[in-house]
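Dropping work08.csv in here (CSV, C-alpha atoms (C1' of nucleotides)):
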```
chain,number,residue,atom,x,y,z
A,46,MET,CA,74.9,107.7,69.5
A,47,GLU,CA,76.2,109.3,72.7
A,48,ILE,CA,76.8,106.9,75.5
A,49,ALA,CA,75.4,109.7,77.8
A,50,GLY,CA,76.6,110.1,81.3
A,51,ARG,CA,79.1,107.3,81.2
A,52,SER,CA,81.9,109.5,82.6
A,53,ALA,CA,82.1,111.0,86.0
A,54,PRO,CA,81.3,114.6,86.9
A,55,ALA,CA,83.8,117.2,85.7
A,56,ARG,CA,84.3,118.3,89.3
A,57,LEU,CA,85.7,114.9,90.0
A,58,ARG,CA,87.6,114.4,86.8
A,59,ALA,CA,89.6,117.5,87.6
A,60,MET,CA,90.4,116.5,91.2
A,61,PRO,CA,93.9,115.0,91.7
A,62,SER,CA,92.7,112.8,94.6
A,63,TRP,CA,90.0,111.4,92.5
A,64,LEU,CA,92.3,110.7,89.6
A,65,ILE,CA,94.7,108.9,91.8
A,66,ASN,CA,91.9,106.7,93.1
A,67,GLN,CA,90.7,106.0,89.6
A,68,ALA,CA,94.2,105.2,88.4
A,69,ALA,CA,94.5,102.8,91.4
A,70,LEU,CA,91.6,100.7,90.0
A,71,PRO,CA,93.3,99.5,86.8
A,72,ALA,CA,96.6,99.4,88.7
A,73,ASN,CA,95.3,97.0,91.3
A,74,ARG,CA,93.3,95.0,88.8
A,75,LEU,CA,96.4,94.5,86.6
A,76,VAL,CA,98.7,93.7,89.5
A,77,THR,CA,96.2,91.4,91.1
A,78,GLU,CA,95.6,89.5,87.9
A,79,GLY,CA,99.3,89.3,87.2
A,80,LEU,CA,100.1,87.9,90.6
A,81,ALA,CA,97.1,85.5,90.5
A,82,GLY,CA,98.8,83.8,87.6
A,83,ALA,CA,101.4,82.7,90.1
A,84,GLY,CA,98.9,82.1,92.9
A,85,MET,CA,100.1,85.1,94.9
A,86,ARG,CA,98.6,88.2,96.4
A,87,ARG,CA,100.0,91.7,96.7
A,88,TYR,CA,101.3,91.4,100.2
A,89,HIS,CA,103.1,88.2,99.3
A,90,PHE,CA,105.2,90.1,96.8
A,91,SER,CA,105.8,92.9,99.3
A,92,LEU,CA,107.0,90.4,101.8
A,93,LEU,CA,109.3,88.5,99.5
A,94,ALA,CA,110.7,91.8,98.2
A,95,ALA,CA,111.4,93.1,101.7
A,96,LEU,CA,113.0,89.8,102.6
A,97,ASP,CA,115.2,89.8,99.5
A,98,GLU,CA,116.3,93.4,100.4
A,99,MET,CA,116.6,93.2,104.1
A,100,GLY,CA,117.8,89.6,104.5
A,101,PRO,CA,116.4,87.4,107.3
A,102,ALA,CA,114.2,89.5,109.6
A,103,SER,CA,111.8,89.3,112.4
A,104,GLN,CA,108.1,89.7,111.7
A,105,ALA,CA,108.2,93.0,113.5
A,106,ASP,CA,111.1,94.2,111.3
A,107,LEU,CA,109.1,93.1,108.2
A,108,SER,CA,106.0,94.9,109.5
A,109,ARG,CA,108.1,98.1,109.8
A,110,GLY,CA,109.8,97.5,106.4
A,111,THR,CA,106.5,97.2,104.6
A,112,THR,CA,103.0,98.6,104.9
A,113,ILE,CA,101.8,95.3,106.3
A,114,ASP,CA,100.3,95.5,109.8
A,115,GLY,CA,101.8,93.1,112.4
A,116,SER,CA,98.3,91.6,112.8
A,117,ASP,CA,98.2,90.5,109.2
A,118,MET,CA,101.8,89.4,109.1
A,119,VAL,CA,101.0,86.1,110.8
A,120,ALA,CA,98.7,84.8,108.1
A,121,ALA,CA,100.9,86.2,105.3
A,122,VAL,CA,104.0,84.5,106.6
A,123,ASN,CA,102.0,81.3,107.1
A,124,GLU,CA,100.9,81.3,103.5
A,125,LEU,CA,104.5,81.8,102.2
A,126,VAL,CA,105.7,79.0,104.6
A,127,GLU,CA,103.1,76.6,103.2
A,128,GLN,CA,104.4,77.2,99.7
A,129,GLY,CA,108.0,76.8,100.8
A,130,LEU,CA,109.0,80.3,99.8
A,131,VAL,CA,110.1,81.3,103.3
A,132,GLU,CA,111.1,79.7,106.5
A,133,ARG,CA,110.1,80.7,110.0
A,134,THR,CA,112.5,79.9,112.8
A,135,GLN,CA,112.6,81.0,116.4
A,136,ASP,CA,115.5,83.3,117.2
A,137,PRO,CA,117.6,81.6,119.8
A,138,THR,CA,119.0,84.8,121.2
A,139,ASP,CA,115.6,86.4,121.6
A,140,ARG,CA,112.9,83.8,122.1
A,141,ARG,CA,110.1,86.3,121.3
A,142,ARG,CA,111.3,86.7,117.7
A,143,ASN,CA,110.5,84.6,114.7
A,144,VAL,CA,113.2,85.0,112.1
A,145,VAL,CA,111.8,84.8,108.6
A,146,THR,CA,114.2,83.7,105.8
A,147,ILE,CA,113.6,83.6,102.1
A,148,THR,CA,114.3,80.2,100.5
A,149,PRO,CA,115.9,79.6,97.1
A,150,ALA,CA,112.4,78.8,95.8
A,151,GLY,CA,111.2,82.1,97.2
A,152,ARG,CA,113.9,83.9,95.3
A,153,ARG,CA,113.0,82.1,92.1
A,154,GLN,CA,109.3,83.0,92.7
A,155,LEU,CA,110.3,86.6,93.3
A,156,ARG,CA,112.0,86.8,89.9
A,157,THR,CA,108.9,85.4,88.3
A,158,LEU,CA,106.8,88.0,90.1
A,159,ASP,CA,109.1,90.7,89.0
A,160,ARG,CA,108.5,89.7,85.4
A,161,LEU,CA,104.8,89.5,85.8
A,162,LEU,CA,104.6,92.9,87.5
A,163,GLY,CA,106.8,94.5,85.0
A,164,LYS,CA,104.3,93.5,82.4
A,165,ALA,CA,101.4,94.8,84.4
A,166,GLN,CA,103.2,98.2,84.8
A,167,GLY,CA,103.6,98.4,81.1
A,168,GLU,CA,99.9,97.8,80.5
A,169,LEU,CA,99.0,100.3,83.2
A,170,LEU,CA,101.1,103.1,81.6
A,171,ALA,CA,100.5,102.0,78.1
A,172,PRO,CA,99.3,105.4,76.9
A,173,LEU,CA,102.4,107.2,78.2
A,174,SER,CA,105.7,107.6,76.5
A,175,GLY,CA,108.9,106.6,78.3
A,176,GLU,CA,109.5,110.2,79.2
A,177,GLU,CA,106.1,110.7,80.6
A,178,ARG,CA,106.4,107.5,82.6
A,179,LYS,CA,109.5,108.9,84.3
A,180,GLN,CA,107.7,112.2,85.0
A,181,LEU,CA,104.7,110.4,86.5
A,182,VAL,CA,106.9,108.3,88.8
A,183,ASP,CA,108.9,111.3,89.8
A,184,LEU,CA,105.8,113.4,90.6
A,185,LEU,CA,104.2,110.6,92.5
A,186,THR,CA,107.4,109.9,94.4
A,187,GLN,CA,107.5,113.5,95.5
A,188,VAL,CA,103.9,113.4,96.8
A,189,VAL,CA,104.4,110.1,98.6
A,190,ASP,CA,107.7,111.1,100.2
A,191,HIS,CA,106.1,114.4,101.3
A,192,HIS,CA,103.4,112.6,103.2
A,193,ALA,CA,105.6,109.8,104.5
A,194,GLY,CA,104.9,109.0,108.1
A,195,THR,CA,101.9,111.3,108.2
A,196,GLY,CA,99.3,108.8,109.0
A,197,ALA,CA,100.8,105.3,108.6
A,198,GLY,CA,102.8,104.9,111.7
A,199,PRO,CA,101.4,103.7,115.1
A,200,ARG,CA,99.1,106.1,116.8
A,201,ALA,CA,100.7,108.7,118.9
A,202,ARG,CA,101.3,107.1,122.2
A,203,SER,CA,98.5,108.2,124.4
A,204,SER,CA,100.0,109.3,127.7
A,205,SER,CA,96.9,108.7,129.6
A,206,ARG,CA,97.5,105.9,132.1
B,117,MET,CA,120.5,108.4,113.6
B,118,GLU,CA,119.0,106.3,110.8
B,119,ILE,CA,115.4,105.4,111.2
B,120,ALA,CA,116.4,102.1,109.6
B,121,GLY,CA,113.9,100.3,107.4
B,122,ARG,CA,111.2,102.8,107.7
B,123,SER,CA,110.8,103.0,103.9
B,124,ALA,CA,109.5,100.3,101.6
B,125,PRO,CA,111.6,98.0,99.5
B,126,ALA,CA,113.2,99.7,96.4
B,127,ARG,CA,111.3,97.3,94.2
B,128,LEU,CA,108.1,98.7,95.4
B,129,ARG,CA,109.2,102.3,95.4
B,130,ALA,CA,110.0,102.2,91.7
B,131,MET,CA,106.7,100.6,90.8
B,132,PRO,CA,104.0,103.0,89.4
B,133,SER,CA,101.1,100.9,90.7
B,134,TRP,CA,102.6,101.0,94.2
B,135,LEU,CA,103.2,104.7,94.0
B,136,ILE,CA,99.6,105.3,93.0
B,137,ASN,CA,98.4,103.3,95.9
B,138,GLN,CA,100.6,105.1,98.3
B,139,ALA,CA,99.6,108.4,97.0
B,140,ALA,CA,95.9,107.3,97.4
B,141,LEU,CA,96.5,107.0,101.2
B,142,PRO,CA,97.2,110.7,102.0
B,143,ALA,CA,94.7,111.6,99.3
B,144,ASN,CA,91.9,109.7,100.9
B,145,ARG,CA,92.9,110.7,104.3
B,146,LEU,CA,92.9,114.4,103.5
B,147,VAL,CA,89.6,114.2,101.6
B,148,THR,CA,87.9,112.1,104.2
B,149,GLU,CA,89.0,114.5,106.9
B,150,GLY,CA,88.0,117.5,104.9
B,151,LEU,CA,84.5,116.1,104.3
B,152,ALA,CA,84.2,114.9,107.8
B,153,GLY,CA,84.3,118.6,108.9
B,154,ALA,CA,80.9,118.9,107.0
B,155,GLY,CA,79.6,115.6,108.2
B,156,MET,CA,79.9,114.1,104.7
B,157,ARG,CA,81.5,111.1,103.1
B,158,ARG,CA,83.1,110.8,99.7
B,159,TYR,CA,80.1,109.3,97.9
B,160,HIS,CA,77.9,112.1,99.2
B,161,PHE,CA,80.0,114.6,97.4
B,162,SER,CA,80.1,112.5,94.2
B,163,LEU,CA,76.4,112.3,94.3
B,164,LEU,CA,75.8,116.0,94.9
B,165,ALA,CA,78.3,116.8,92.1
B,166,ALA,CA,76.6,114.5,89.7
B,167,LEU,CA,73.2,115.9,90.5
B,168,ASP,CA,74.4,119.4,90.1
B,169,GLU,CA,75.8,118.5,86.7
B,170,MET,CA,73.1,116.2,85.4
B,171,GLY,CA,70.1,117.8,86.9
B,172,PRO,CA,67.3,115.7,88.4
B,173,ALA,CA,68.0,112.1,87.7
B,174,SER,CA,66.9,108.6,88.6
B,175,GLN,CA,69.0,106.5,90.9
B,176,ALA,CA,70.0,104.3,88.0
B,177,ASP,CA,71.1,107.4,86.1
B,178,LEU,CA,73.2,108.5,89.0
B,179,SER,CA,74.7,105.0,89.4
B,180,ARG,CA,75.8,105.2,85.8
B,181,GLY,CA,77.0,108.8,86.2
B,182,THR,CA,79.2,108.0,89.1
B,183,THR,CA,81.2,105.0,90.3
B,184,ILE,CA,78.5,104.2,92.9
B,185,ASP,CA,76.9,100.8,92.7
B,186,GLY,CA,73.1,100.8,92.5
B,187,SER,CA,73.0,98.7,95.7
B,188,ASP,CA,74.8,101.4,97.6
B,189,MET,CA,72.8,104.2,96.1
B,190,VAL,CA,69.8,103.6,98.3
B,191,ALA,CA,71.5,104.3,101.5
B,192,ALA,CA,73.5,107.2,100.0
B,193,VAL,CA,70.4,108.9,98.8
B,194,ASN,CA,68.6,108.2,102.1
B,195,GLU,CA,71.4,110.0,104.0
B,196,LEU,CA,71.3,113.0,101.7
B,197,VAL,CA,67.5,113.1,102.0
B,198,GLU,CA,67.7,113.0,105.8
B,199,GLN,CA,69.9,116.1,105.7
B,200,GLY,CA,67.6,117.9,103.3
B,201,LEU,CA,70.2,118.1,100.6
B,202,VAL,CA,68.2,116.2,98.0
B,203,GLU,CA,64.6,115.1,97.4
B,204,ARG,CA,63.4,111.7,96.2
B,205,THR,CA,60.1,111.7,94.4
B,206,GLN,CA,58.5,109.0,92.4
B,207,ASP,CA,58.5,109.6,88.6
B,208,PRO,CA,54.8,109.8,87.6
B,209,THR,CA,55.5,108.8,84.0
B,210,ASP,CA,57.5,105.7,85.1
B,211,ARG,CA,56.5,104.4,88.5
B,212,ARG,CA,59.7,102.3,88.8
B,213,ARG,CA,61.8,105.4,88.9
B,214,ASN,CA,62.8,107.6,91.8
B,215,VAL,CA,63.7,111.0,90.6
B,216,VAL,CA,66.4,112.6,92.8
B,217,THR,CA,66.6,116.4,92.9
B,218,ILE,CA,69.2,118.5,94.6
B,219,THR,CA,67.8,121.2,96.9
B,220,PRO,CA,69.0,124.7,97.4
B,221,ALA,CA,70.6,123.6,100.7
B,222,GLY,CA,72.3,120.8,98.7
B,223,ARG,CA,73.8,123.4,96.4
B,224,ARG,CA,75.0,125.4,99.2
B,225,GLN,CA,76.5,122.4,100.8
B,226,LEU,CA,78.2,121.5,97.5
B,227,ARG,CA,79.9,124.9,97.4
B,228,THR,CA,81.2,124.3,100.9
B,229,LEU,CA,82.5,120.9,100.0
B,230,ASP,CA,84.2,122.4,96.9
B,231,ARG,CA,86.1,124.7,99.2
B,232,LEU,CA,87.0,122.0,101.6
B,233,LEU,CA,88.2,119.7,98.9
B,234,GLY,CA,90.2,122.4,97.2
B,235,LYS,CA,92.1,122.9,100.3
B,236,ALA,CA,92.7,119.1,100.6
B,237,GLN,CA,94.0,119.0,97.1
B,238,GLY,CA,96.4,121.8,97.9
B,239,GLU,CA,97.8,119.9,100.9
B,240,LEU,CA,98.0,116.7,98.9
B,241,LEU,CA,100.1,118.3,96.1
B,242,ALA,CA,102.0,120.6,98.5
B,243,PRO,CA,105.4,119.6,97.3
B,244,LEU,CA,104.6,120.2,93.6
B,245,SER,CA,104.8,123.5,91.7
B,246,GLY,CA,101.8,124.7,89.7
B,247,GLU,CA,103.3,123.4,86.5
B,248,GLU,CA,104.0,120.0,88.1
B,249,ARG,CA,100.5,119.7,89.3
B,250,LYS,CA,99.2,120.3,85.8
B,251,GLN,CA,101.5,117.6,84.5
B,252,LEU,CA,100.4,115.1,87.2
B,253,VAL,CA,96.7,115.7,86.5
B,254,ASP,CA,97.4,115.4,82.7
B,255,LEU,CA,99.3,112.2,83.0
B,256,LEU,CA,96.8,110.6,85.4
B,257,THR,CA,94.0,111.6,83.2
B,258,GLN,CA,95.6,109.9,80.2
B,259,VAL,CA,96.0,106.7,82.3
B,260,VAL,CA,92.5,106.8,83.6
B,261,ASP,CA,90.9,107.5,80.2
B,262,HIS,CA,92.9,104.7,78.6
B,263,HIS,CA,91.5,102.2,81.1
B,264,ALA,CA,88.0,103.6,81.1
B,265,GLY,CA,85.3,101.0,81.0
B,266,THR,CA,87.9,98.2,81.3
B,267,GLY,CA,86.6,96.7,84.4
B,268,ALA,CA,84.0,98.9,86.0
B,269,GLY,CA,80.9,98.1,84.0
B,270,PRO,CA,78.5,95.3,84.7
B,271,ARG,CA,79.9,91.8,84.1
B,272,ALA,CA,79.7,90.6,80.6
B,273,ARG,CA,76.3,89.1,80.2
B,274,SER,CA,76.8,85.4,80.5
B,275,SER,CA,75.1,83.8,77.5
B,276,SER,CA,74.8,80.4,79.2
B,277,ARG,CA,71.2,79.3,79.7
C,227,DC,C1',117.2,90.5,142.7
C,228,DC,C1',112.9,92.3,141.7
C,229,DA,C1',109.2,95.4,139.8
C,230,DG,C1',107.9,97.9,136.1
C,231,DT,C1',108.2,98.8,131.3
C,232,DT,C1',108.9,97.7,126.6
C,233,DA,C1',108.8,94.6,122.6
C,234,DC,C1',107.0,90.5,120.0
C,235,DG,C1',103.7,87.4,118.0
C,236,DT,C1',99.0,86.1,117.8
C,237,DT,C1',93.9,86.2,118.0
C,238,DG,C1',89.8,88.4,117.1
C,239,DG,C1',87.2,91.9,115.5
C,240,DC,C1',85.6,96.5,113.3
C,241,DC,C1',85.1,99.6,109.4
C,242,DG,C1',85.0,101.3,104.7
C,243,DG,C1',84.8,100.3,100.0
C,244,DT,C1',83.5,97.4,96.2
C,245,DC,C1',80.8,94.2,94.2
C,246,DC,C1',77.3,90.6,93.2
C,247,DA,C1',72.8,87.7,93.5
C,248,DA,C1',68.1,87.7,94.0
C,249,DC,C1',63.6,89.6,94.0
C,250,DA,C1',59.2,92.3,93.3
C,251,DT,C1',57.5,95.9,90.6
C,252,DT,C1',56.9,98.2,86.4
C,253,DG,C1',57.5,99.2,81.6
C,254,DG,C1',58.5,98.0,76.8
C,255,DT,C1',58.2,94.6,72.7
C,256,DT,C1',56.4,91.5,69.7
D,98,DA,C1',49.0,87.8,76.1
D,99,DA,C1',53.8,86.5,76.7
D,100,DC,C1',58.1,87.6,77.1
D,101,DC,C1',62.1,90.5,78.1
D,102,DA,C1',64.4,94.5,80.2
D,103,DA,C1',65.0,98.1,83.6
D,104,DT,C1',64.5,99.9,88.4
D,105,DG,C1',65.0,100.0,93.3
D,106,DT,C1',65.9,97.4,97.2
D,107,DT,C1',67.7,93.9,100.5
D,108,DG,C1',71.2,91.0,101.9
D,109,DG,C1',75.5,89.4,101.9
D,110,DA,C1',80.4,88.4,100.3
D,111,DC,C1',85.1,89.8,100.0
D,112,DC,C1',89.3,92.6,100.7
D,113,DG,C1',92.4,95.8,102.7
D,114,DG,C1',93.6,98.4,106.6
D,115,DC,C1',93.6,99.1,111.2
D,116,DC,C1',93.1,98.6,116.3
D,117,DA,C1',92.6,96.3,121.1
D,118,DA,C1',93.9,92.9,124.1
D,119,DC,C1',96.7,89.2,125.7
D,120,DG,C1',100.6,86.0,127.0
D,121,DT,C1',105.3,85.5,126.6
D,122,DA,C1',109.8,87.3,126.8
D,123,DA,C1',113.4,90.7,127.3
D,124,DC,C1',115.2,94.8,129.2
D,125,DT,C1',115.9,98.6,132.9
D,126,DG,C1',116.2,101.1,137.2
D,127,DG,C1',116.0,100.8,141.9
```
Take the structure in this file and express it as structure tokens.
Amino acid sequence: MEIAGRSAPARLRAMPSWLINQAALPANRLVTEGLAGAGMRRYHFSLLAALDEMGPASQADLSRGTTIDGSDMVAAVNELVEQGLVERTQDPTDRRRNVVTITPAGRRQLRTLDRLLGKAQGELLAPLSGEERKQLVDLLTQVVDHHAGTGAGPRARSSSR
Amino acid sequence: MEIAGRSAPARLRAMPSWLINQAALPANRLVTEGLAGAGMRRYHFSLLAALDEMGPASQADLSRGTTIDGSDMVAAVNELVEQGLVERTQDPTDRRRNVVTITPAGRRQLRTLDRLLGKAQGELLAPLSGEERKQLVDLLTQVVDHHAGTGAGPRARSSSR
DNA sequence: CCAGTTACGTTGGCCGGTCCAACATTGGTT
DNA sequence: AACCAATGTTGGACCGGCCAACGTAACTGG
């Protein structure tokens, strides 16, 4: 009763880049489902986490402190404002800036999300022992750090014109 | 000379699901760039690899043997046909089926892609030792296998109606 | 003081990847 | 014959990531 051909080619299964992408599927599914229980998306959490860590910050600061593009920041902040989790106020000392501040409700929500996401991580790494989980995090961190800034940042300023 | 705030919130940096997604960025960038040198995309390689491993197969077989949806298979096969890397012929014993066969040129191309991708994997895992690379592949494989079939397959057949 | 340059927020859009619904054709079942 | 299942195909939705352009505002050098 073979379920023939249900698994990917061996060439792919041995390829780290492929494994990473395959692991990202359940990861994103679990995280998305977890956050959906609180009516949130991934970037909402990123934003709340950044605010909790950085304190009040401009949208440009938040864009730099997360992987969220400035273009997408507008809508993201709007959505958090609508739910009363952050406040957007104009910076009086620099009228270009919008200072975004997390509210007490935002902090409460953040703690809820922490709990939900912790659960999701547990399910994601279910087959691994505590020691193995540490190893995985360590190895991935090395890879991520090694490639940091190698493709995320703004395009090299073209000097033409 | 701190480059202040250039790194993501600690909450995220400690989260396996986030690390996996961040690692997927350079992974996809390197692989995409590598394949671009041969005028190919990722699913082209998946397809050629599956064909090389499965032998001649119908598009439905290929869809099941890869992560490529049947809807997207049509265009993918078309593109490979245009480049003479595969052939699409109607199965005489089942006139619904298109049998896709890899050509000698396809096999040659596949070997080229293997080489390009091997290089990309090396760059991706540059900071890791040989031992660490094995560990990473092993850990990711455990995670991927554990979640196999947990969200990819066709939607559960709704029994309503 | 003024001209040029830089930063910020915002709008709009493109692209790639994933997925689903519907359909006509064909084959299998009973 | 009547029904059900599988195949290939078209069309489109959705999401995440990214970029271009623009108006406003601040800064800098002459």
### Query
Counting only C-alpha atoms (C1' of nucleotides), what is within 10 Å of segment 102-117 of chain D, bar same-chain residues fewer than 2 positions away, as a VMD selection string?
(chain A and resid 112 to 114 116 to 117 197 199 to 200) or (chain B and resid 174 to 176 186 to 191 210 to 214) or (chain C and resid 238 to 255) or (chain D and resid 100 119)
#### Entry: chain C contacts to chain A at 8 Å (only C-alpha atoms (C1' of nucleotides)) as an NGL selection string
:C and (234-236)
### Message
Restricting the calculation to all atoms listed in the file: of B:Arg223, B:Arg249, B:Arg204, B:His160, which residue gets closest to chain A?
### Response
B:Arg249
### Message
Nearest residue to chain D out of B:Leu146, B:Ala130, B:Met156, B:Asp177, using all atoms listed in the file?
### Response
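For chain D, the nearest of the given residues is B:Asp177.
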### Message
With 8 Å as the limit and counting only C-alpha atoms, what residues in chain B lie close to chain A? Please list them as an NGL selection string.
### Response
:B and (121-125 or 127-133 or 135-140 or 142-144 or 147 or 162 or 165-166 or 169 or 177 or 180-183 or 237 or 240-244 or 248 or 252-253 or 255-260 or 262-263 or 266-267)
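Separating atom CA of Pro220 of chain B from atom CA of Val202 of chain B is a distance of 8.6 Å.
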### Point-to-point distance in Å for atom CA of Gly79 of chain A and atom CA of Leu161 of chain A
5.7 Å
### From A:Thr138, A:Val144, A:Glu78, A:Leu125, residue lying nearest chain D [only C-alpha atoms (C1' of nucleotides)]
A:Thr138
### Task
Would you work out the distance separating atom CA of Val122 of chain A from atom CA of Tyr88 of chain A, expressed in Å to one decimal?
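So the two atoms, atom CA of Val122 of chain A and atom CA of Tyr88 of chain A, lie 9.8 Å apart.
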### Query
Residues at most 10 Å from DG127 of chain D, counting only C-alpha atoms (C1' of nucleotides), excluding those fewer than 2 positions away in the same chain, as number ranges by chain?
C: 228-229; D: 125
Output C-alpha atoms (C1' of nucleotides) for every residue in the selection just made, as an mmCIF file, in the frame of the given file.
```cif
data_model
loop_
_atom_site.group_PDB
_atom_site.id
_atom_site.type_symbol
_atom_site.label_atom_id
_atom_site.label_comp_id
_atom_site.auth_asym_id
_atom_site.auth_seq_id
_atom_site.Cartn_x
_atom_site.Cartn_y
_atom_site.Cartn_z
ATOM 1 C "C1'" DC C 228 112.900 92.300 141.700
ATOM 2 C "C1'" DA C 229 109.200 95.400 139.800
ATOM 3 C "C1'" DT D 125 115.900 98.600 132.900
#
```
Would you fill out segment 63-82 of chain A with N, CA and C atoms and return it as a PDB file, in the coordinates of the input?
```
ATOM      1  N   TRP A  63      90.870 112.276  93.160  1.00  0.00           N
ATOM      2  CA  TRP A  63      90.000 111.400  92.500  1.00  0.00           C
ATOM      3  C   TRP A  63      90.726 110.628  91.359  1.00  0.00           C
ATOM      4  N   LEU A  64      91.549 111.350  90.630  1.00  0.00           N
ATOM      5  CA  LEU A  64      92.300 110.700  89.600  1.00  0.00           C
ATOM      6  C   LEU A  64      93.224 109.627  90.105  1.00  0.00           C
ATOM      7  N   ILE A  65      93.826 109.915  91.234  1.00  0.00           N
ATOM      8  CA  ILE A  65      94.700 108.900  91.800  1.00  0.00           C
ATOM      9  C   ILE A  65      93.925 107.658  92.170  1.00  0.00           C
ATOM     10  N   ASN A  66      92.748 107.852  92.742  1.00  0.00           N
ATOM     11  CA  ASN A  66      91.900 106.700  93.100  1.00  0.00           C
ATOM     12  C   ASN A  66      91.473 105.937  91.845  1.00  0.00           C
ATOM     13  N   GLN A  67      91.125 106.659  90.815  1.00  0.00           N
ATOM     14  CA  GLN A  67      90.700 106.000  89.600  1.00  0.00           C
ATOM     15  C   GLN A  67      91.849 105.251  88.939  1.00  0.00           C
ATOM     16  N   ALA A  68      93.028 105.835  89.007  1.00  0.00           N
ATOM     17  CA  ALA A  68      94.200 105.200  88.400  1.00  0.00           C
ATOM     18  C   ALA A  68      94.541 103.925  89.231  1.00  0.00           C
ATOM     19  N   ALA A  69      94.196 103.959  90.518  1.00  0.00           N
ATOM     20  CA  ALA A  69      94.500 102.800  91.400  1.00  0.00           C
ATOM     21  C   ALA A  69      93.667 101.599  90.984  1.00  0.00           C
ATOM     22  N   LEU A  70      92.510 101.837  90.390  1.00  0.00           N
ATOM     23  CA  LEU A  70      91.600 100.700  90.000  1.00  0.00           C
ATOM     24  C   LEU A  70      92.276  99.807  88.982  1.00  0.00           C
ATOM     25  N   PRO A  71      92.606 100.331  87.779  1.00  0.00           N
ATOM     26  CA  PRO A  71      93.300  99.500  86.800  1.00  0.00           C
ATOM     27  C   PRO A  71      94.622  98.967  87.366  1.00  0.00           C
ATOM     28  N   ALA A  72      95.307  99.804  88.127  1.00  0.00           N
ATOM     29  CA  ALA A  72      96.600  99.400  88.700  1.00  0.00           C
ATOM     30  C   ALA A  72      96.425  98.128  89.519  1.00  0.00           C
ATOM     31  N   ASN A  73      95.477  98.162  90.417  1.00  0.00           N
ATOM     32  CA  ASN A  73      95.300  97.000  91.300  1.00  0.00           C
ATOM     33  C   ASN A  73      94.723  95.819  90.530  1.00  0.00           C
ATOM     34  N   ARG A  74      93.881  96.108  89.571  1.00  0.00           N
ATOM     35  CA  ARG A  74      93.300  95.000  88.800  1.00  0.00           C
ATOM     36  C   ARG A  74      94.445  94.286  88.031  1.00  0.00           C
ATOM     37  N   LEU A  75      95.291  95.051  87.353  1.00  0.00           N
ATOM     38  CA  LEU A  75      96.400  94.500  86.600  1.00  0.00           C
ATOM     39  C   LEU A  75      97.347  93.702  87.454  1.00  0.00           C
ATOM     40  N   VAL A  76      97.711  94.315  88.561  1.00  0.00           N
ATOM     41  CA  VAL A  76      98.700  93.700  89.500  1.00  0.00           C
ATOM     42  C   VAL A  76      98.082  92.419  90.073  1.00  0.00           C
ATOM     43  N   THR A  77      96.848  92.528  90.517  1.00  0.00           N
ATOM     44  CA  THR A  77      96.200  91.400  91.100  1.00  0.00           C
ATOM     45  C   THR A  77      96.091  90.220  90.144  1.00  0.00           C
ATOM     46  N   GLU A  78      95.693  90.553  88.923  1.00  0.00           N
ATOM     47  CA  GLU A  78      95.600  89.500  87.900  1.00  0.00           C
ATOM     48  C   GLU A  78      96.937  88.897  87.590  1.00  0.00           C
ATOM     49  N   GLY A  79      97.938  89.757  87.479  1.00  0.00           N
ATOM     50  CA  GLY A  79      99.300  89.300  87.200  1.00  0.00           C
ATOM     51  C   GLY A  79      99.758  88.285  88.256  1.00  0.00           C
ATOM     52  N   LEU A  80      99.591  88.691  89.498  1.00  0.00           N
ATOM     53  CA  LEU A  80     100.100  87.900  90.600  1.00  0.00           C
ATOM     54  C   LEU A  80      99.216  86.593  90.722  1.00  0.00           C
ATOM     55  N   ALA A  81      97.950  86.706  90.396  1.00  0.00           N
ATOM     56  CA  ALA A  81      97.100  85.500  90.500  1.00  0.00           C
ATOM     57  C   ALA A  81      97.572  84.413  89.606  1.00  0.00           C
ATOM     58  N   GLY A  82      98.196  84.782  88.499  1.00  0.00           N
ATOM     59  CA  GLY A  82      98.800  83.800  87.600  1.00  0.00           C
ATOM     60  C   GLY A  82      99.812  82.925  88.309  1.00  0.00           C
TER      61      GLY A  82
END
```
